[in-house]
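Note: the block below is work-v9.csv and it holds CSV, C-alpha atoms.
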chain,number,residue,atom,x,y,z
A,6,MET,CA,338.6,16.5,93.0
A,7,SER,CA,339.6,15.1,96.3
A,8,GLY,CA,337.8,15.7,99.6
A,9,SER,CA,340.5,18.1,100.9
A,10,GLU,CA,340.4,20.1,97.6
A,11,ILE,CA,336.7,20.4,97.7
A,12,MET,CA,336.9,21.5,101.3
A,13,SER,CA,339.4,24.2,100.6
A,14,THR,CA,337.4,25.4,97.7
A,15,LEU,CA,334.2,25.5,99.8
A,16,LEU,CA,335.8,27.2,102.7
A,17,GLY,CA,338.1,29.5,100.6
A,18,SER,CA,336.1,32.6,101.3
A,19,GLU,CA,333.5,33.9,103.8
A,20,ILE,CA,331.1,34.9,101.1
A,21,ARG,CA,331.3,31.5,99.5
A,22,GLY,CA,330.4,30.0,102.9
A,23,ASP,CA,327.4,32.4,103.1
A,24,ILE,CA,326.2,31.4,99.7
A,25,LEU,CA,326.6,27.8,100.4
A,26,VAL,CA,324.7,28.1,103.7
A,27,LEU,CA,321.9,30.0,101.9
A,28,PHE,CA,321.4,27.3,99.3
A,29,HIS,CA,321.7,24.5,101.9
A,30,LYS,CA,319.0,26.0,104.1
A,31,ASN,CA,316.9,26.9,101.1
A,32,PRO,CA,317.4,24.1,98.5
A,33,GLY,CA,314.5,25.3,96.4
A,34,LEU,CA,316.0,28.8,95.8
A,35,ILE,CA,316.2,29.9,92.2
A,36,ASP,CA,317.5,33.4,91.7
A,37,THR,CA,319.8,35.7,89.6
A,38,VAL,CA,323.3,36.5,90.9
A,39,ASP,CA,321.8,39.9,91.9
A,40,GLY,CA,319.1,38.2,93.9
A,41,VAL,CA,321.6,35.8,95.6
A,42,ALA,CA,323.8,38.8,96.5
A,43,ARG,CA,320.8,40.6,98.1
A,44,ARG,CA,319.8,37.5,100.1
A,45,VAL,CA,323.3,37.2,101.7
A,46,GLY,CA,323.5,41.0,102.2
A,47,ARG,CA,326.3,41.7,99.7
A,48,THR,CA,326.7,43.4,96.4
A,49,THR,CA,326.7,41.6,93.0
A,50,ILE,CA,330.3,42.5,92.4
A,51,ALA,CA,331.3,41.0,95.8
A,52,VAL,CA,329.6,37.6,95.2
A,53,ILE,CA,330.2,37.1,91.4
A,54,SER,CA,333.6,35.3,91.7
A,55,ASP,CA,332.4,33.0,94.5
A,56,VAL,CA,329.2,32.1,92.6
A,57,ARG,CA,331.5,31.2,89.6
A,58,GLU,CA,333.6,29.0,91.9
A,59,LEU,CA,330.5,27.1,93.1
A,60,LEU,CA,329.3,26.7,89.5
A,61,GLN,CA,332.7,25.3,88.6
A,62,LEU,CA,332.5,22.9,91.5
A,63,GLY,CA,329.1,21.8,90.4
A,64,VAL,CA,327.2,22.7,93.6
A,65,LEU,CA,325.3,25.4,91.8
A,66,LYS,CA,323.9,25.1,88.3
A,67,GLN,CA,323.0,27.8,85.9
A,68,LYS,CA,320.2,28.2,83.4
A,69,ARG,CA,318.5,30.9,81.3
A,70,ILE,CA,314.9,32.0,82.1
A,71,GLY,CA,313.8,34.4,79.5
A,72,SER,CA,316.4,37.1,79.4
A,73,ALA,CA,317.7,36.3,82.9
A,74,GLU,CA,320.5,33.9,84.0
A,75,VAL,CA,319.6,32.1,87.2
A,76,VAL,CA,321.5,29.9,89.6
A,77,TYR,CA,320.2,27.1,91.7
A,78,LEU,CA,321.4,24.2,93.9
A,79,ASP,CA,322.2,20.9,92.2
A,80,ARG,CA,320.8,18.6,94.9
A,81,ALA,CA,322.4,15.4,93.6
A,82,LYS,CA,325.9,17.0,93.3
A,83,ASP,CA,325.5,18.7,96.6
A,84,ARG,CA,324.8,15.4,98.3
A,85,GLU,CA,327.8,13.8,96.5
A,86,ILE,CA,330.1,16.7,97.6
A,87,LEU,CA,328.9,16.5,101.2
A,88,GLU,CA,329.5,12.8,101.3
A,89,SER,CA,333.1,13.2,100.0
A,90,VAL,CA,333.8,16.0,102.5
A,91,ALA,CA,332.4,13.8,105.3
A,92,ASN,CA,334.6,10.9,104.2
A,93,HIS,CA,337.6,13.2,104.1
A,94,LEU,CA,336.9,14.4,107.6
A,95,LYS,CA,336.5,10.8,108.8
A,96,THR,CA,339.8,9.9,107.3
A,97,VAL,CA,341.5,12.9,108.9
A,98,ARG,CA,340.0,12.1,112.3
A,99,ILE,CA,341.1,8.4,112.1
A,100,SER,CA,344.7,9.3,111.1
A,101,GLY,CA,344.7,11.9,113.9
A,102,GLU,CA,343.7,9.3,116.5
A,103,LYS,CA,346.5,6.9,115.4
B,28,MET,CA,302.8,4.6,68.2
B,29,SER,CA,304.6,6.6,70.8
B,30,THR,CA,303.8,10.2,71.8
B,31,THR,CA,306.5,12.6,72.8
B,32,ARG,CA,306.1,13.6,76.4
B,33,SER,CA,306.0,17.3,77.1
B,34,LYS,CA,308.8,18.9,79.1
B,35,THR,CA,306.5,19.4,82.0
B,36,GLY,CA,305.1,15.9,82.1
B,37,ALA,CA,301.4,16.5,82.5
B,38,SER,CA,300.8,17.5,78.9
B,39,GLY,CA,297.5,18.1,77.2
B,40,PHE,CA,298.0,14.7,75.5
B,41,ASP,CA,298.4,13.0,78.9
B,42,GLN,CA,295.2,14.5,80.1
B,43,LEU,CA,293.4,13.5,76.9
B,44,PHE,CA,294.6,9.9,76.8
B,45,SER,CA,295.0,9.1,80.5
B,46,GLY,CA,292.0,6.8,80.1
B,47,LYS,CA,290.6,8.1,83.4
B,48,VAL,CA,287.2,9.7,83.7
B,49,GLU,CA,287.3,11.4,87.0
B,50,GLN,CA,283.9,13.2,86.8
B,51,ASP,CA,283.3,13.1,90.5
B,52,TYR,CA,286.8,13.8,91.5
B,53,ARG,CA,287.4,16.8,93.8
B,54,VAL,CA,290.7,18.2,95.1
B,55,LYS,CA,290.2,17.8,98.8
B,56,THR,CA,291.8,20.3,101.1
B,57,GLY,CA,291.8,17.7,103.8
B,58,ILE,CA,290.1,20.3,106.1
B,59,VAL,CA,286.9,18.3,106.6
B,60,GLU,CA,284.6,21.3,107.2
B,61,LEU,CA,286.1,23.3,104.3
B,62,ASP,CA,285.6,20.3,102.0
B,63,GLU,CA,282.0,20.1,103.1
B,64,MET,CA,281.6,23.8,102.3
B,65,LEU,CA,283.1,23.1,98.8
B,66,ARG,CA,280.7,20.1,98.4
B,67,GLY,CA,283.7,17.7,98.4
B,68,GLY,CA,286.7,19.9,97.5
B,69,PHE,CA,287.9,22.2,94.8
B,70,MET,CA,287.2,21.3,91.2
B,71,PRO,CA,290.2,19.6,89.6
B,72,GLY,CA,292.4,21.9,87.6
B,73,ASP,CA,290.7,25.0,88.9
B,74,ALA,CA,292.6,28.2,89.8
B,75,VAL,CA,291.5,29.2,93.3
B,76,MET,CA,292.2,32.6,94.9
B,77,LEU,CA,292.7,32.6,98.6
B,78,ALA,CA,292.3,36.2,99.7
B,79,GLY,CA,292.8,37.8,103.0
B,80,SER,CA,294.8,40.4,104.9
B,81,ALA,CA,298.0,39.7,106.8
B,82,GLY,CA,297.7,37.3,109.7
B,83,THR,CA,294.5,35.6,108.5
B,84,GLY,CA,296.3,32.3,107.9
B,85,LYS,CA,296.5,32.2,104.1
B,86,THR,CA,300.0,30.5,104.2
B,87,THR,CA,298.9,28.0,106.8
B,88,LEU,CA,295.8,27.0,104.9
B,89,ALA,CA,297.7,26.8,101.7
B,90,LEU,CA,300.4,24.6,103.2
B,91,GLN,CA,297.8,22.4,104.9
B,92,HIS,CA,296.1,21.9,101.5
B,93,LEU,CA,299.5,20.8,100.0
B,94,VAL,CA,300.5,18.6,102.9
B,95,ASN,CA,297.1,16.8,102.9
B,96,GLY,CA,297.4,16.4,99.1
B,97,VAL,CA,300.8,14.7,99.6
B,98,LYS,CA,299.2,12.4,102.2
B,99,HIS,CA,296.7,11.3,99.6
B,100,GLY,CA,299.4,10.7,96.9
B,101,GLU,CA,299.1,14.1,95.2
B,102,PRO,CA,302.5,15.8,95.0
B,103,GLY,CA,302.6,19.5,95.5
B,104,ILE,CA,304.7,22.6,94.9
B,105,TYR,CA,304.8,25.7,97.0
B,106,VAL,CA,306.1,28.8,95.2
B,107,THR,CA,307.1,31.6,97.5
B,108,PHE,CA,308.2,35.1,96.7
B,109,GLU,CA,308.2,36.3,100.3
B,110,GLU,CA,309.7,33.9,102.9
B,111,LEU,CA,312.8,31.8,102.4
B,112,PRO,CA,312.1,28.1,102.5
B,113,ASP,CA,314.0,27.6,105.8
B,114,GLN,CA,311.4,29.8,107.5
B,115,ILE,CA,308.6,27.9,105.8
B,116,TYR,CA,310.1,24.5,106.9
B,117,ARG,CA,310.4,25.8,110.5
B,118,ASP,CA,306.8,27.3,110.6
B,119,ALA,CA,305.4,24.1,109.0
B,120,LYS,CA,307.1,21.9,111.6
B,121,ASN,CA,305.2,23.9,114.3
B,122,PHE,CA,302.0,22.5,112.8
B,123,GLY,CA,303.5,19.0,112.6
B,124,TRP,CA,304.3,19.0,108.9
B,125,ASP,CA,307.8,17.8,107.9
B,126,LEU,CA,308.3,19.4,104.5
B,127,ARG,CA,311.9,18.5,104.3
B,128,LYS,CA,311.0,14.8,104.6
B,129,MET,CA,308.4,15.2,101.9
B,130,GLU,CA,311.0,16.9,99.6
B,131,GLU,CA,313.4,14.0,100.2
B,132,GLU,CA,310.6,11.6,99.1
B,133,ASP,CA,310.1,13.8,95.9
B,134,LYS,CA,306.5,14.4,96.9
B,135,PHE,CA,306.9,18.1,97.6
B,136,ARG,CA,309.0,21.0,96.5
B,137,VAL,CA,309.4,24.5,97.8
B,138,LEU,CA,310.4,27.0,95.1
B,139,CYS,CA,311.7,30.3,96.3
B,140,THR,CA,312.3,32.9,93.7
B,141,SER,CA,311.7,36.5,92.6
B,142,PRO,CA,308.4,37.5,91.0
B,143,SER,CA,310.4,39.1,88.1
B,144,LEU,CA,311.7,35.6,87.2
B,145,MET,CA,308.2,34.2,87.4
B,146,LEU,CA,307.2,36.8,84.8
B,147,GLU,CA,310.1,36.1,82.5
B,148,SER,CA,308.7,34.6,79.3
B,149,GLY,CA,310.9,32.6,77.0
B,150,SER,CA,311.0,29.1,75.6
B,151,ASP,CA,311.8,28.0,79.2
B,152,SER,CA,309.5,28.8,82.0
B,153,LEU,CA,310.8,28.9,85.5
B,154,LEU,CA,308.3,26.2,86.4
B,155,ASP,CA,309.1,23.7,83.5
B,156,ASP,CA,311.8,21.7,85.3
B,157,ILE,CA,310.1,21.5,88.6
B,158,LEU,CA,306.8,20.5,87.1
B,159,ARG,CA,308.5,17.8,85.1
B,160,ASP,CA,310.4,16.5,88.1
B,161,THR,CA,307.6,16.6,90.7
B,162,GLN,CA,304.6,16.0,88.5
B,163,PRO,CA,302.4,17.9,90.9
B,164,ARG,CA,298.6,17.9,91.1
B,165,ARG,CA,298.6,21.0,93.4
B,166,LEU,CA,300.5,24.2,93.4
B,167,VAL,CA,300.4,27.2,95.6
B,168,ILE,CA,301.7,30.7,94.7
B,169,ASP,CA,302.4,32.8,97.8
B,170,SER,CA,301.6,35.4,96.7
B,171,LEU,CA,300.3,36.7,93.5
B,172,SER,CA,300.2,40.2,95.0
B,173,HIS,CA,304.0,40.3,94.8
B,174,LEU,CA,303.7,40.5,91.0
B,175,GLU,CA,302.2,44.0,91.4
B,176,MET,CA,305.7,45.3,92.3
B,177,PHE,CA,307.1,44.2,88.9
B,178,VAL,CA,304.3,44.9,86.4
B,179,LYS,CA,302.3,47.9,85.5
B,180,ARG,CA,298.8,48.0,87.0
B,181,ASP,CA,297.2,47.6,83.5
B,182,ASP,CA,299.4,44.5,82.7
B,183,MET,CA,298.7,42.7,86.0
B,184,ARG,CA,295.6,41.0,84.7
B,185,THR,CA,297.4,39.8,81.5
B,186,GLU,CA,300.3,38.4,83.5
B,187,ALA,CA,298.1,36.7,86.0
B,188,TYR,CA,296.0,35.2,83.2
B,189,ARG,CA,299.2,33.8,81.6
B,190,ILE,CA,300.2,32.1,84.9
B,191,VAL,CA,296.7,30.7,85.4
B,192,ARG,CA,296.6,29.4,81.8
B,193,TYR,CA,300.1,27.9,82.1
B,194,LEU,CA,299.0,25.8,85.1
B,195,LYS,CA,295.6,24.9,83.8
B,196,THR,CA,297.1,23.6,80.5
B,197,ARG,CA,299.2,21.3,82.6
B,198,GLY,CA,296.2,20.1,84.7
B,199,VAL,CA,297.6,21.5,87.9
B,200,SER,CA,295.1,22.8,90.5
B,201,SER,CA,296.4,26.1,91.8
B,202,LEU,CA,295.9,28.1,94.9
B,203,LEU,CA,296.8,31.7,94.4
B,204,LEU,CA,297.2,33.7,97.5
B,205,TRP,CA,296.2,37.4,97.4
B,206,GLU,CA,296.9,40.0,100.0
B,207,SER,CA,293.7,42.0,100.4
B,208,PRO,CA,294.1,44.8,102.8
B,209,GLN,CA,290.3,45.0,103.2
B,210,ILE,CA,287.5,42.8,102.0
B,211,SER,CA,284.6,44.8,103.2
B,212,GLY,CA,282.1,47.5,102.3
B,213,SER,CA,278.7,47.3,100.6
B,214,SER,CA,280.2,46.8,97.1
B,215,PHE,CA,283.6,45.3,97.9
B,216,SER,CA,286.0,43.7,95.5
B,217,VAL,CA,288.6,41.1,96.4
B,218,THR,CA,291.3,42.7,94.2
B,219,ASP,CA,291.5,46.2,92.8
B,220,VAL,CA,293.1,44.9,89.6
B,221,GLY,CA,290.2,42.8,88.3
B,222,LEU,CA,291.7,39.3,89.0
B,223,SER,CA,288.5,37.9,90.4
B,224,PHE,CA,287.2,37.1,86.9
B,225,LEU,CA,290.3,35.1,86.1
B,226,VAL,CA,289.9,32.5,88.8
B,227,ASP,CA,287.3,29.8,89.2
B,228,CYS,CA,286.9,30.0,92.9
B,229,ILE,CA,287.5,32.6,95.6
B,230,VAL,CA,287.9,31.9,99.3
B,231,ALA,CA,288.1,35.0,101.5
B,232,LEU,CA,289.5,35.1,105.0
B,233,LYS,CA,288.6,38.1,107.1
B,234,PRO,CA,289.3,39.2,110.7
B,235,VAL,CA,286.2,40.5,112.4
B,236,GLU,CA,285.8,42.4,115.6
B,237,ILE,CA,282.9,41.0,117.7
B,238,GLU,CA,282.2,42.1,121.2
B,239,SER,CA,285.7,43.6,121.6
B,240,SER,CA,287.6,40.5,120.5
B,241,MET,CA,289.1,39.6,117.1
B,242,ARG,CA,287.7,36.5,115.4
B,243,LYS,CA,288.3,35.1,112.0
B,244,ALA,CA,285.7,34.5,109.3
B,245,LEU,CA,286.0,32.4,106.1
B,246,VAL,CA,283.6,32.6,103.2
B,247,ILE,CA,283.5,31.1,99.7
B,248,LEU,CA,282.6,34.0,97.5
B,249,LYS,CA,282.6,32.2,94.2
B,250,MET,CA,282.9,28.7,92.8
B,251,ARG,CA,282.4,28.1,89.1
B,252,GLY,CA,280.4,25.0,88.2
B,253,SER,CA,279.5,23.9,91.7
B,254,ASP,CA,277.2,24.6,94.5
B,255,HIS,CA,278.9,25.7,97.8
B,256,ASP,CA,278.2,26.8,101.3
B,257,LYS,CA,277.4,30.5,101.2
B,258,ARG,CA,277.6,31.1,104.9
B,259,LEU,CA,280.3,32.9,106.8
B,260,ARG,CA,282.1,30.4,109.0
B,261,GLU,CA,284.3,31.1,111.9
B,262,TYR,CA,287.8,29.5,111.9
B,263,GLU,CA,290.8,29.3,114.1
B,264,ILE,CA,294.5,28.7,113.6
B,265,THR,CA,295.3,25.8,115.9
B,266,SER,CA,298.5,23.9,116.6
B,267,SER,CA,297.5,21.4,113.9
B,268,GLY,CA,296.4,24.0,111.3
B,269,ILE,CA,293.2,25.6,110.3
B,270,LYS,CA,290.0,24.5,112.1
B,271,ILE,CA,286.7,25.7,110.8
B,272,GLU,CA,283.9,26.1,113.2
B,273,SER,CA,280.2,27.0,113.1
B,274,ALA,CA,278.7,29.8,111.0
B,275,PHE,CA,278.2,33.3,112.3
B,276,THR,CA,274.4,32.7,112.3
B,277,ASN,CA,273.6,35.2,115.0
B,278,TYR,CA,275.4,38.1,113.4
B,279,GLU,CA,274.9,40.2,110.3
B,280,GLY,CA,277.1,42.9,108.7
B,281,ILE,CA,280.3,40.9,109.2
B,282,ILE,CA,281.6,41.5,105.7
B,283,SER,CA,280.6,45.2,105.7
B,284,GLY,CA,282.9,45.5,108.8
B,285,SER,CA,280.2,46.4,111.3
B,286,PRO,CA,278.9,43.2,112.8
B,287,ARG,CA,275.7,43.3,114.9
B,288,LYS,CA,273.5,40.7,116.4
B,289,VAL,CA,270.5,39.9,114.2
B,290,ALA,CA,267.1,41.1,115.6
B,291,SER,CA,265.9,37.7,116.5
B,292,GLU,CA,269.0,37.0,118.6
B,293,LYS,CA,268.5,40.4,120.4
B,294,ILE,CA,264.9,39.4,121.2
B,295,MET,CA,266.1,36.0,122.4
B,296,GLU,CA,268.7,37.6,124.6
B,297,LEU,CA,266.0,39.8,126.1
B,298,PHE,CA,263.9,36.7,126.9
B,299,ARG,CA,266.9,34.9,128.3
B,300,GLY,CA,267.8,37.9,130.4
B,301,ALA,CA,264.2,38.2,131.7
B,302,SER,CA,264.1,34.5,132.6
B,303,GLU,CA,267.4,34.7,134.5
B,304,LYS,CA,266.3,37.6,136.7
B,305,PRO,CA,266.0,36.6,140.3
B,306,LYS,CA,262.4,36.4,141.4
B,307,LYS,CA,261.3,38.8,144.2
B,308,ALA,CA,260.4,37.1,147.4
Show me, as structure tokens, the structure contained in the file I just sent.
Amino acid sequence: MSGSEIMSTLLGSEIRGDILVLFHKNPGLIDTVDGVARRVGRTTIAVISDVRELLQLGVLKQKRIGSAEVVYLDRAKDREILESVANHLKTVRISGEK
Amino acid sequence: MSTTRSKTGASGFDQLFSGKVEQDYRVKTGIVELDEMLRGGFMPGDAVMLAGSAGTGKTTLALQHLVNGVKHGEPGIYVTFEELPDQIYRDAKNFGWDLRKMEEEDKFRVLCTSPSLMLESGSDSLLDDILRDTQPRRLVIDSLSHLEMFVKRDDMRTEAYRIVRYLKTRGVSSLLLWESPQISGSSFSVTDVGLSFLVDCIVALKPVEIESSMRKALVILKMRGSDHDKRLREYEITSSGIKIESAFTNYEGIISGSPRKVASEKIMELFRGASEKPKKA
């Protein structure tokens, strides 16, 4: 996925942005989708599709703890994505200056 | 012959065949006066309860213990049910502890989760991955009291026992924070769900009112297998963390909640007062 595609996926919705900020600020967070929804002040129904998007992108990972499904930040993938977004922004800025 | 390494790294086999005999080893808190009170530090692998009411500095002391561990090459994990990590990073920075940097160096991890997930039992524990990745020697749970919201009162002891055993099996020294609204009275108990028997050591923090000002007292109530300082020591939360000061030697009844000067001190004060009276011409 290119830098611009990643950026449009990340910034595609306000809720997705909220979730992303939550995990960025709190990289050690492990919670259920219900828990994540509560932490960003939304309902589970409102966040579920955005959590799915972030799982598909690889920023979030999922695992089973007992009977619960939890999500957490994939720190390595997160760094990788941030780097490609930063590179994309650099390219955009350079081409804008020309 | 090769042995299969456990998922969490520090397996029972590792402990058996590590080849190290660390009989005199103590888990130092890094707070010099507290380590002296503990005769060198906590016993390795022990489960320690740090009990106290809100505002007594439980979180500060726990973080200081982990940060000092990292400084001495002992990775640590801080499990929080209450605050989000960004708040913890910020508060720690006020004491001069850069937790984010320690995380980047893989020496420290903050795990923020719900108590219900901590209690989920299956083939995978919530802590398995993080223990395997970080290989910690120290772990803090802030706080065990939060489990009360998710388990029946009668099951609390069993669940706490399971967590304590899980960590002990992996050779991790744990500091379990406990919110005690009151540690006082002539026959006081630290917890009302009988957890005191599960832990090896209990450190209690207590605010005390003396001469119309609030001061803080620390006491080691119990320490299995070791001598320890039995005195109540005054402490302060300073800009660099917890600082333990002298013992409340001139007062009695601090734990019972009604501190008063000991008789000898009253008499001494009387003499001091008399000697300071201006002489008549």
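Every chain B residue lying within 9 Å of chain A, based on all atoms listed in the file, is listed here: Leu111, Pro112, Asp113, Gln114, Arg136, Val137, Leu138, Cys139, Thr140, Ser141, Leu144, Met145, Leu146, Glu147, Ser148, Gly149, Ser150, Asp151, Ser152 and Leu153 of chain B.
Coordinates place atom CA of Leu25 of chain A at a distance of 22.2 Å from atom CA of Tyr105 of chain B.
Comparing the minimum interatomic distances between Asp125 of chain B and each of B:Gln91, B:Thr107, B:Ser143, B:Ser80, counting all atoms listed in the file, we find that B:Gln91 sits nearest.
Take atom CA of Arg165 of chain B and atom CA of Leu93 of chain B: the distance between them is 6.7 Å.
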Note to self: Within 12 Å of (334.5, 23.6, 101.8) (file coordinates; only C-alpha atoms), which protein or nucleic acid residues are there? I'd like them as a ChimeraX atom specification.
What the structure shows: /A:7-26,58-59,62,64,83,86-91,93-94
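For the pair atom CA of Asp51 of chain B and atom CA of Asp133 of chain B, the interatomic distance is 27.3 Å.
For Pro102 of chain B, the residues within 9 Å (counting all atoms listed in the file, excluding itself and residues fewer than 2 positions away along the chain) are Leu93, Val94, Gly96, Val97, Lys98, His99, Gly100, Ile104, Asp133, Lys134, Phe135, Arg136, Thr161, Gln162, Pro163, Arg164, Arg165 and Leu166 of chain B.
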With all heavy atoms as the goal, would you fill in the gaps in segment 81-89 of chain A and present it as a PDB file, keeping the file's coordinate frame?
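As a result, part_12.pdb now contains:
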ATOM      1  N   ALA A  81     321.694  16.701  93.736  1.00  0.00           N
ATOM      2  CA  ALA A  81     322.400  15.400  93.600  1.00  0.00           C
ATOM      3  C   ALA A  81     323.925  15.678  93.851  1.00  0.00           C
ATOM      4  O   ALA A  81     324.594  14.973  94.616  1.00  0.00           O
ATOM      5  CB  ALA A  81     322.172  14.785  92.302  1.00  0.00           C
ATOM      6  N   LYS A  82     324.436  16.701  93.147  1.00  0.00           N
ATOM      7  CA  LYS A  82     325.900  17.000  93.300  1.00  0.00           C
ATOM      8  C   LYS A  82     326.197  17.486  94.677  1.00  0.00           C
ATOM      9  O   LYS A  82     327.259  17.156  95.214  1.00  0.00           O
ATOM     10  CB  LYS A  82     326.192  18.145  92.240  1.00  0.00           C
ATOM     11  CG  LYS A  82     327.642  18.516  92.161  1.00  0.00           C
ATOM     12  CD  LYS A  82     328.441  17.477  91.390  1.00  0.00           C
ATOM     13  CE  LYS A  82     329.901  17.876  91.313  1.00  0.00           C
ATOM     14  NZ  LYS A  82     330.728  16.808  90.748  1.00  0.00           N
ATOM     15  N   ASP A  83     325.261  18.215  95.266  1.00  0.00           N
ATOM     16  CA  ASP A  83     325.500  18.700  96.600  1.00  0.00           C
ATOM     17  C   ASP A  83     325.607  17.552  97.605  1.00  0.00           C
ATOM     18  O   ASP A  83     326.503  17.554  98.451  1.00  0.00           O
ATOM     19  CB  ASP A  83     324.241  19.584  96.997  1.00  0.00           C
ATOM     20  CG  ASP A  83     324.355  20.175  98.378  1.00  0.00           C
ATOM     21  OD1 ASP A  83     325.373  20.823  98.648  1.00  0.00           O
ATOM     22  OD2 ASP A  83     323.433  19.985  99.192  1.00  0.00           O
ATOM     23  N   ARG A  84     324.733  16.558  97.456  1.00  0.00           N
ATOM     24  CA  ARG A  84     324.800  15.400  98.300  1.00  0.00           C
ATOM     25  C   ARG A  84     326.135  14.646  98.147  1.00  0.00           C
ATOM     26  O   ARG A  84     326.790  14.240  99.104  1.00  0.00           O
ATOM     27  CB  ARG A  84     323.648  14.408  97.996  1.00  0.00           C
ATOM     28  CG  ARG A  84     322.434  14.597  98.914  1.00  0.00           C
ATOM     29  CD  ARG A  84     321.493  13.409  98.821  1.00  0.00           C
ATOM     30  NE  ARG A  84     320.928  13.251  97.494  1.00  0.00           N
ATOM     31  CZ  ARG A  84     319.792  13.820  97.096  1.00  0.00           C
ATOM     32  NH1 ARG A  84     319.117  14.605  97.910  1.00  0.00           N
ATOM     33  NH2 ARG A  84     319.312  13.628  95.889  1.00  0.00           N
ATOM     34  N   GLU A  85     326.530  14.523  96.866  1.00  0.00           N
ATOM     35  CA  GLU A  85     327.800  13.800  96.500  1.00  0.00           C
ATOM     36  C   GLU A  85     328.981  14.552  97.166  1.00  0.00           C
ATOM     37  O   GLU A  85     329.851  13.917  97.769  1.00  0.00           O
ATOM     38  CB  GLU A  85     327.909  13.924  94.984  1.00  0.00           C
ATOM     39  CG  GLU A  85     328.913  13.028  94.338  1.00  0.00           C
ATOM     40  CD  GLU A  85     328.944  13.311  92.837  1.00  0.00           C
ATOM     41  OE1 GLU A  85     327.899  13.074  92.170  1.00  0.00           O
ATOM     42  OE2 GLU A  85     329.966  13.801  92.353  1.00  0.00           O
ATOM     43  N   ILE A  86     328.980  15.882  97.063  1.00  0.00           N
ATOM     44  CA  ILE A  86     330.100  16.700  97.600  1.00  0.00           C
ATOM     45  C   ILE A  86     330.108  16.565  99.150  1.00  0.00           C
ATOM     46  O   ILE A  86     331.171  16.384  99.759  1.00  0.00           O
ATOM     47  CB  ILE A  86     329.993  18.139  97.140  1.00  0.00           C
ATOM     48  CG1 ILE A  86     330.488  18.204  95.689  1.00  0.00           C
ATOM     49  CG2 ILE A  86     330.763  19.102  98.037  1.00  0.00           C
ATOM     50  CD1 ILE A  86     330.328  19.510  95.007  1.00  0.00           C
ATOM     51  N   LEU A  87     328.933  16.634  99.755  1.00  0.00           N
ATOM     52  CA  LEU A  87     328.900  16.500 101.200  1.00  0.00           C
ATOM     53  C   LEU A  87     329.405  15.178 101.689  1.00  0.00           C
ATOM     54  O   LEU A  87     330.119  15.104 102.682  1.00  0.00           O
ATOM     55  CB  LEU A  87     327.399  16.659 101.680  1.00  0.00           C
ATOM     56  CG  LEU A  87     326.871  18.073 101.874  1.00  0.00           C
ATOM     57  CD1 LEU A  87     325.433  18.045 102.364  1.00  0.00           C
ATOM     58  CD2 LEU A  87     327.725  18.852 102.861  1.00  0.00           C
ATOM     59  N   GLU A  88     329.065  14.125 100.928  1.00  0.00           N
ATOM     60  CA  GLU A  88     329.500  12.800 101.300  1.00  0.00           C
ATOM     61  C   GLU A  88     331.069  12.718 101.194  1.00  0.00           C
ATOM     62  O   GLU A  88     331.726  12.178 102.088  1.00  0.00           O
ATOM     63  CB  GLU A  88     328.936  11.743 100.338  1.00  0.00           C
ATOM     64  CG  GLU A  88     327.628  11.182 100.881  1.00  0.00           C
ATOM     65  CD  GLU A  88     326.892  10.359  99.843  1.00  0.00           C
ATOM     66  OE1 GLU A  88     327.544   9.739  98.981  1.00  0.00           O
ATOM     67  OE2 GLU A  88     325.650  10.351  99.888  1.00  0.00           O
ATOM     68  N   SER A  89     331.642  13.291 100.119  1.00  0.00           N
ATOM     69  CA  SER A  89     333.100  13.200 100.000  1.00  0.00           C
ATOM     70  C   SER A  89     333.807  14.044 101.052  1.00  0.00           C
ATOM     71  O   SER A  89     334.873  13.664 101.539  1.00  0.00           O
ATOM     72  CB  SER A  89     333.588  13.528  98.572  1.00  0.00           C
ATOM     73  OG  SER A  89     333.270  14.819  98.248  1.00  0.00           O
TER      74      SER A  89
END
